[in-house]
Amino acid sequence: MKKFIFTAVAALATLSLSAQTQVIAHRGFHAQEGSDKNTISSLLNAQKLGVYGSECDISMSADDSLMVVHGSRHPDRRIPAPHRVHVTKDVYKDIRAISCKGGNIVPTLREYLEQTKKYPGTKLVIEIKNHKEDTPERQKFFTKKIVEMVAEFGLEKQVDYIAFSRIVCDELVKLAPNNEIAYLNGELTPAECKQLGYTGIDYSVKVLRAHPEWIKQAHDLGMKVNVWTVNKPEDMQYFIDLGVDFITTDDPLQTIELIKKSQKKSGKKAKRAKK
Ligand code: MG
């Protein structure tokens, strides 16, 4: 039954969602058996689902390897904290040695880009992480490395960038001026982001619920609006109704269903208005 629902919604997802809200799978579509956040498995699930994009977190190891991992510590919470690898302090081979809950290993950015290339219809939304150990110089260093690797794969048009760090975003404006660059931290108005050369805001549910007017302001400035991490149906509906461009979610299936329902409703309204 679960498999049937997955297939049915996947078919819906591949249909055009027109100019309305589109879905970004937060850390990939990981809510499937045997999958883990930020792994090839969750990226592949998102690609098969046919959503606009699959988000991922890129951090750099102590020996300068670009790894797809969110926190500074290894994501498997079954491992006691002192024994967990630390992405900025440990080296590539130690980070690779431990598997996540579902049995998946932490991928490299190179592996992620190889998988991204297999499905040109799904964007990779790269969040460039900065951890407290990362100096401004190091942030600039790994931002450059990431942009160069994306270019090496010829994936410039299939990648969007997001970051909490203004140092990272400012560097992206210089190094990847043709890409979408959205700021995550939430304290800047759309006009301030525009002034800095960012192309979008990607703010939390909390921030955008406090500033719903920023959605129209951003659109009036020709910017995109993304909201994270939207997992409650009432929040999904609220932001669909406000016309955000992207919803980043751990539950892409439910978000797709609500978008389709809203499209049907607005289609019926338009028909009635014509009569
Ligand atoms: Mg992220």
# chains A, B, ... in the order shown; residues from 1 in each chain; ligands from 1
$ residues_near_ligand --ligand "ligand 1" --cutoff "6 Å" --atoms "only C-alpha atoms and all ligand atoms" --output "PyMOL selection string"
chain A and resi 56-57+127
$ residues_around --residues "His74 of chain A" --least-positions-apart "6" --cutoff "9 Å" --atoms "only C-alpha atoms" --output "PyMOL selection string"
chain A and resi 81+84-87+95+98+100+106
$ closest_residue --among "A:Gln20, A:Asn179, A:Thr143, A:Thr189" --to "Tyr203 of chain A" --atoms "only C-alpha atoms"
A:Thr189
$ atom_distance --atom1 "atom CA of Ile126 of chain A" --atom2 "atom CA of Tyr92 of chain A"
19.6 Å
$ closest_residue --among "A:His26, A:Lys194, A:His211, A:Lys174" --to "Lys144 of chain A" --atoms "only C-alpha atoms"
A:Lys174
$ residues_around --residues "Glu192 of chain A" --least-positions-apart "6" --cutoff "12 Å" --atoms "only C-alpha atoms" --output "PyMOL selection string"
chain A and resi 166+183+186+198-201+214+217-218+221+223
$ residues_around --residues "segment 257-273 of chain A" --least-positions-apart "4" --cutoff "7 Å" --atoms "only C-alpha atoms" --output "list in words"
Gln237, Ile240 and Leu253 of chain A
$ atom_distance --atom1 "atom CA of Val244 of chain A" --atom2 "atom CA of Ile128 of chain A"
22.3 Å
$ residues_around --residues "Tyr112 of chain A" --least-positions-apart "2" --cutoff "9 Å" --atoms "only C-alpha atoms" --output "ChimeraX atom specification"
/A:39-40,43,68,107-110,114-117,124
$ write_last_selection --atoms "N, CA, C and O atoms" --output "mmCIF file, in the first residue's frame"
data_model
loop_
_atom_site.group_PDB
_atom_site.id
_atom_site.type_symbol
_atom_site.label_atom_id
_atom_site.label_comp_id
_atom_site.auth_asym_id
_atom_site.auth_seq_id
_atom_site.Cartn_x
_atom_site.Cartn_y
_atom_site.Cartn_z
ATOM 1 N N THR A 39 22.267 11.397 2.018
ATOM 2 C CA THR A 39 22.991 10.251 1.443
ATOM 3 C C THR A 39 22.567 10.085 -0.020
ATOM 4 O O THR A 39 21.570 10.674 -0.456
ATOM 5 N N ILE A 40 23.306 9.265 -0.735
ATOM 6 C CA ILE A 40 22.961 9.000 -2.140
ATOM 7 C C ILE A 40 21.542 8.433 -2.210
ATOM 8 O O ILE A 40 20.770 8.748 -3.116
ATOM 9 N N LEU A 43 19.004 11.236 -1.951
ATOM 10 C CA LEU A 43 19.047 12.029 -3.188
ATOM 11 C C LEU A 43 18.305 11.275 -4.305
ATOM 12 O O LEU A 43 17.467 11.858 -5.010
ATOM 13 N N VAL A 68 29.105 15.331 2.405
ATOM 14 C CA VAL A 68 27.690 15.683 2.527
ATOM 15 C C VAL A 68 27.236 15.300 3.937
ATOM 16 O O VAL A 68 26.854 14.166 4.196
ATOM 17 N N PRO A 107 28.365 10.504 2.047
ATOM 18 C CA PRO A 107 28.949 10.636 0.710
ATOM 19 C C PRO A 107 29.877 11.850 0.596
ATOM 20 O O PRO A 107 29.803 12.771 1.406
ATOM 21 N N THR A 108 30.694 11.817 -0.428
ATOM 22 C CA THR A 108 31.490 13.004 -0.752
ATOM 23 C C THR A 108 30.661 13.881 -1.693
ATOM 24 O O THR A 108 29.720 13.400 -2.339
ATOM 25 N N LEU A 109 31.043 15.151 -1.812
ATOM 26 C CA LEU A 109 30.354 16.025 -2.769
ATOM 27 C C LEU A 109 30.532 15.480 -4.180
ATOM 28 O O LEU A 109 29.616 15.526 -4.999
ATOM 29 N N ARG A 110 31.723 14.934 -4.456
ATOM 30 C CA ARG A 110 31.999 14.373 -5.791
ATOM 31 C C ARG A 110 30.981 13.268 -6.129
ATOM 32 O O ARG A 110 30.419 13.247 -7.212
ATOM 33 N N GLU A 114 28.036 13.317 -9.051
ATOM 34 C CA GLU A 114 27.903 12.228 -10.038
ATOM 35 C C GLU A 114 26.450 11.763 -10.096
ATOM 36 O O GLU A 114 25.888 11.559 -11.173
ATOM 37 N N GLN A 115 25.830 11.595 -8.916
ATOM 38 C CA GLN A 115 24.427 11.157 -8.862
ATOM 39 C C GLN A 115 23.496 12.261 -9.380
ATOM 40 O O GLN A 115 22.509 11.979 -10.068
ATOM 41 N N THR A 116 23.803 13.515 -9.085
ATOM 42 C CA THR A 116 22.985 14.649 -9.551
ATOM 43 C C THR A 116 22.907 14.652 -11.074
ATOM 44 O O THR A 116 21.854 14.877 -11.664
ATOM 45 N N LYS A 117 24.030 14.376 -11.681
ATOM 46 C CA LYS A 117 24.123 14.417 -13.147
ATOM 47 C C LYS A 117 23.216 13.383 -13.826
ATOM 48 O O LYS A 117 22.779 13.585 -14.956
ATOM 49 N N LEU A 124 20.119 20.255 -7.516
ATOM 50 C CA LEU A 124 20.756 20.010 -6.222
ATOM 51 C C LEU A 124 20.862 21.366 -5.527
ATOM 52 O O LEU A 124 21.463 22.305 -6.056
#
$ atom_distance --atom1 "atom CA of Val125 of chain A" --atom2 "atom CA of Glu55 of chain A"
4.4 Å
$ residues_around --residues "Val91 of chain A" --least-positions-apart "4" --cutoff "12 Å" --atoms "only C-alpha atoms" --output "list in words"
Ser59, Met60, Ser61, Ala62, Asp63, Asp64, Ser65, Leu66, Met67, Val85, His86, Val87, Ile95, Arg96 and Ala97 of chain A
$ closest_residue --among "A:Leu196, A:Ala31, A:Ala25, A:Leu113" --to "Met149 of chain A" --atoms "only C-alpha atoms"
A:Leu113
